[in-house]
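A.B. asks: Got a structure for you, questions after.
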Amino acid sequence: MTRVRVATSLDREDVREIHLCAFPEGEKQIVSTLAVNLLSEETTPKTISLIAEADGVVVGHIAFSPVTINSNKSWKGYILAPLGVKPEYQKRQIGSKLIESGIERLSRMGVNVLFVYGDPKYYGKFGFNADLASKYSPPYELQYPFGWQAIILNEGVFTESTVIITCVDPLKDAALW
Ligand SMILES: CC(C)(COP(=O)(O)OP(=O)(O)OC[C@H]1O[C@@H](n2cnc3c(N)ncnc32)[C@H](O)[C@@H]1OP(=O)(O)O)[C@@H](O)C(=O)NCCC(=O)NCCS
């Protein structure tokens, strides 16, 4: 049975391990460091890390951290990063459960827009799309611009012109984008 719960600092080594084994050689160090750093990132509104457990074993992790725009202080944005599931537990809907649980929590918090930088073939299924994301510039130049996507969780005031988003410190590394 799979259970999704909020991660704590006690999960640090499990979180590191998940991303070290889920991501390929060239990305695993930087992504696992990001995941661990986000676990202890104190932000307002809060940075959320969720864990998936299968039969009591930690098998997946996802993080959501707040992003801001200068032009509208009441607008609430978040970015999903990173997401990883241990290879031997993949294709069992664990990644989907983590995304859906996060979306549910953020929706209840009144978040307007959730961003993600990843494979559109995977994230498209959850409603993420590039059209919406194109109104918001990521903080760094993207290596794969087609991966920049967003989903509306709560309608709000949206700007007509393109705005630049600002992210939390652990994501301020051009190599992640
Ligand atoms: C992406 C990842 C989190 C998905 O986790 P998961 O638990 O296997 O996902 P789910 O079981 O909910 O969904 C699996 C489905 O997505 C598909 N899928 C997985 N990765 C995909 C991708 N990159 N592109 C398209 N489809 C993908 C699978 O084929 C499967 O399809 P099916 O249900 O029709 O068989 C996992 O494969 C992983 O950790 N990958 C390595 C790290 C990574 O790439 N993270 C995302 C970075 S943005």
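Chains: A, B, ... in order of the structure tokens. Residues: from 1 per chain. Ligands: from 1, in order shown.
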Run DSSP on the backbone and grab whatever in range 51-119 of chain A lands in alpha helix (DSSP H); send it over as a list in words.
C.D. replies: Ile94, Gly95, Ser96, Lys97, Leu98, Ile99, Glu100, Ser101, Gly102, Ile103, Glu104, Arg105, Leu106, Ser107 and Arg108 of chain A
A.B. asks: Save out the residues we just selected, C-alpha atoms, as a short mmCIF file (atom, residue, chain, number, x, y, z; two decimals), in the first residue's frame.
C.D. replies:
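As a result, again20.cif now contains:
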data_model
loop_
_atom_site.label_atom_id
_atom_site.label_comp_id
_atom_site.auth_asym_id
_atom_site.auth_seq_id
_atom_site.Cartn_x
_atom_site.Cartn_y
_atom_site.Cartn_z
CA ILE A 94 3.60 6.66 -7.10
CA GLY A 95 4.83 9.74 -9.00
CA SER A 96 1.21 10.54 -9.91
CA LYS A 97 0.10 10.22 -6.28
CA LEU A 98 2.84 12.63 -5.14
CA ILE A 99 1.89 15.20 -7.82
CA GLU A 100 -1.84 14.89 -7.09
CA SER A 101 -1.35 15.15 -3.34
CA GLY A 102 0.76 18.29 -3.82
CA ILE A 103 -1.76 19.85 -6.20
CA GLU A 104 -4.55 19.19 -3.70
CA ARG A 105 -2.62 20.82 -0.83
CA LEU A 106 -1.56 23.85 -2.89
CA SER A 107 -5.08 24.33 -4.26
CA ARG A 108 -6.46 24.44 -0.72
#
A.B. asks: Could you pull out the residues sitting within 6 Å of ligand 1, using only C-alpha atoms and all ligand atoms, and write them as an NGL selection string?
C.D. replies: :A and (22-23 or 83-85 or 90-96 or 118-119 or 121-122)
A.B. asks: For Ile30 in chain A, find every residue with an atom within 10 Å (counting only C-alpha atoms), except residues of its own chain fewer than 3 positions away, and show them as a PyMOL selection string.
C.D. replies: chain A and resi 19-20+23+26-27+33-35+173+175-176
A.B. asks: Write out the residues from the selection above, keeping N, CA and C atoms, as a PDB file, in the first residue's frame.
C.D. replies:
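To be explicit, this is the file written out as selection_11.pdb:
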ATOM      1  N   HIS A  19      16.808  10.367  -4.977  1.00  0.00           N
ATOM      2  CA  HIS A  19      17.213  11.111  -6.177  1.00  0.00           C
ATOM      3  C   HIS A  19      18.543  10.608  -6.724  1.00  0.00           C
ATOM      4  N   LEU A  20      19.403  10.093  -5.825  1.00  0.00           N
ATOM      5  CA  LEU A  20      20.676   9.520  -6.315  1.00  0.00           C
ATOM      6  C   LEU A  20      20.396   8.307  -7.181  1.00  0.00           C
ATOM      7  N   PHE A  23      17.779   9.629 -10.683  1.00  0.00           N
ATOM      8  CA  PHE A  23      18.295  10.482 -11.762  1.00  0.00           C
ATOM      9  C   PHE A  23      19.567   9.919 -12.395  1.00  0.00           C
ATOM     10  N   GLY A  26      24.730  12.332 -14.718  1.00  0.00           N
ATOM     11  CA  GLY A  26      25.065  13.757 -14.835  1.00  0.00           C
ATOM     12  C   GLY A  26      24.175  14.684 -14.007  1.00  0.00           C
ATOM     13  N   GLU A  27      23.055  14.199 -13.517  1.00  0.00           N
ATOM     14  CA  GLU A  27      22.109  15.071 -12.806  1.00  0.00           C
ATOM     15  C   GLU A  27      21.932  14.698 -11.340  1.00  0.00           C
ATOM     16  N   THR A  33      21.096  17.130  -3.974  1.00  0.00           N
ATOM     17  CA  THR A  33      21.462  18.256  -3.106  1.00  0.00           C
ATOM     18  C   THR A  33      20.308  19.249  -3.025  1.00  0.00           C
ATOM     19  N   LEU A  34      19.685  19.516  -4.175  1.00  0.00           N
ATOM     20  CA  LEU A  34      18.526  20.415  -4.182  1.00  0.00           C
ATOM     21  C   LEU A  34      17.426  19.876  -3.261  1.00  0.00           C
ATOM     22  N   ALA A  35      17.116  18.587  -3.397  1.00  0.00           N
ATOM     23  CA  ALA A  35      16.042  17.975  -2.617  1.00  0.00           C
ATOM     24  C   ALA A  35      16.326  18.090  -1.115  1.00  0.00           C
ATOM     25  N   ASP A 173      20.471  28.314  -9.130  1.00  0.00           N
ATOM     26  CA  ASP A 173      21.677  27.715  -9.699  1.00  0.00           C
ATOM     27  C   ASP A 173      21.371  27.465 -11.176  1.00  0.00           C
ATOM     28  N   ALA A 175      22.660  25.821 -13.362  1.00  0.00           N
ATOM     29  CA  ALA A 175      22.836  24.437 -13.828  1.00  0.00           C
ATOM     30  C   ALA A 175      21.560  23.604 -13.654  1.00  0.00           C
ATOM     31  N   LEU A 176      20.647  24.075 -12.801  1.00  0.00           N
ATOM     32  CA  LEU A 176      19.398  23.327 -12.587  1.00  0.00           C
ATOM     33  C   LEU A 176      18.380  23.608 -13.683  1.00  0.00           C
TER      34      LEU A 176
END
A.B. asks: Taking only residues of range 39-98 of chain A that have an atom at most 12 Å from an atom of range 132-147 of chain A, what is each one's shortest atom pair and its distance in Å to one decimal, using only C-alpha atoms, in chain and number order, as JSON lines?
C.D. replies:
{"residue": "A:Val67", "atom": "CA", "partner": "A:Pro138", "partner_atom": "CA", "distance": 9.9}
{"residue": "A:Thr68", "atom": "CA", "partner": "A:Tyr136", "partner_atom": "CA", "distance": 10.6}
{"residue": "A:Ile69", "atom": "CA", "partner": "A:Tyr136", "partner_atom": "CA", "distance": 8.9}
{"residue": "A:Asn70", "atom": "CA", "partner": "A:Tyr136", "partner_atom": "CA", "distance": 11.6}
{"residue": "A:Ser71", "atom": "CA", "partner": "A:Tyr136", "partner_atom": "CA", "distance": 11.7}
{"residue": "A:Gly77", "atom": "CA", "partner": "A:Tyr136", "partner_atom": "CA", "distance": 10.7}
{"residue": "A:Ile79", "atom": "CA", "partner": "A:Pro138", "partner_atom": "CA", "distance": 10.4}
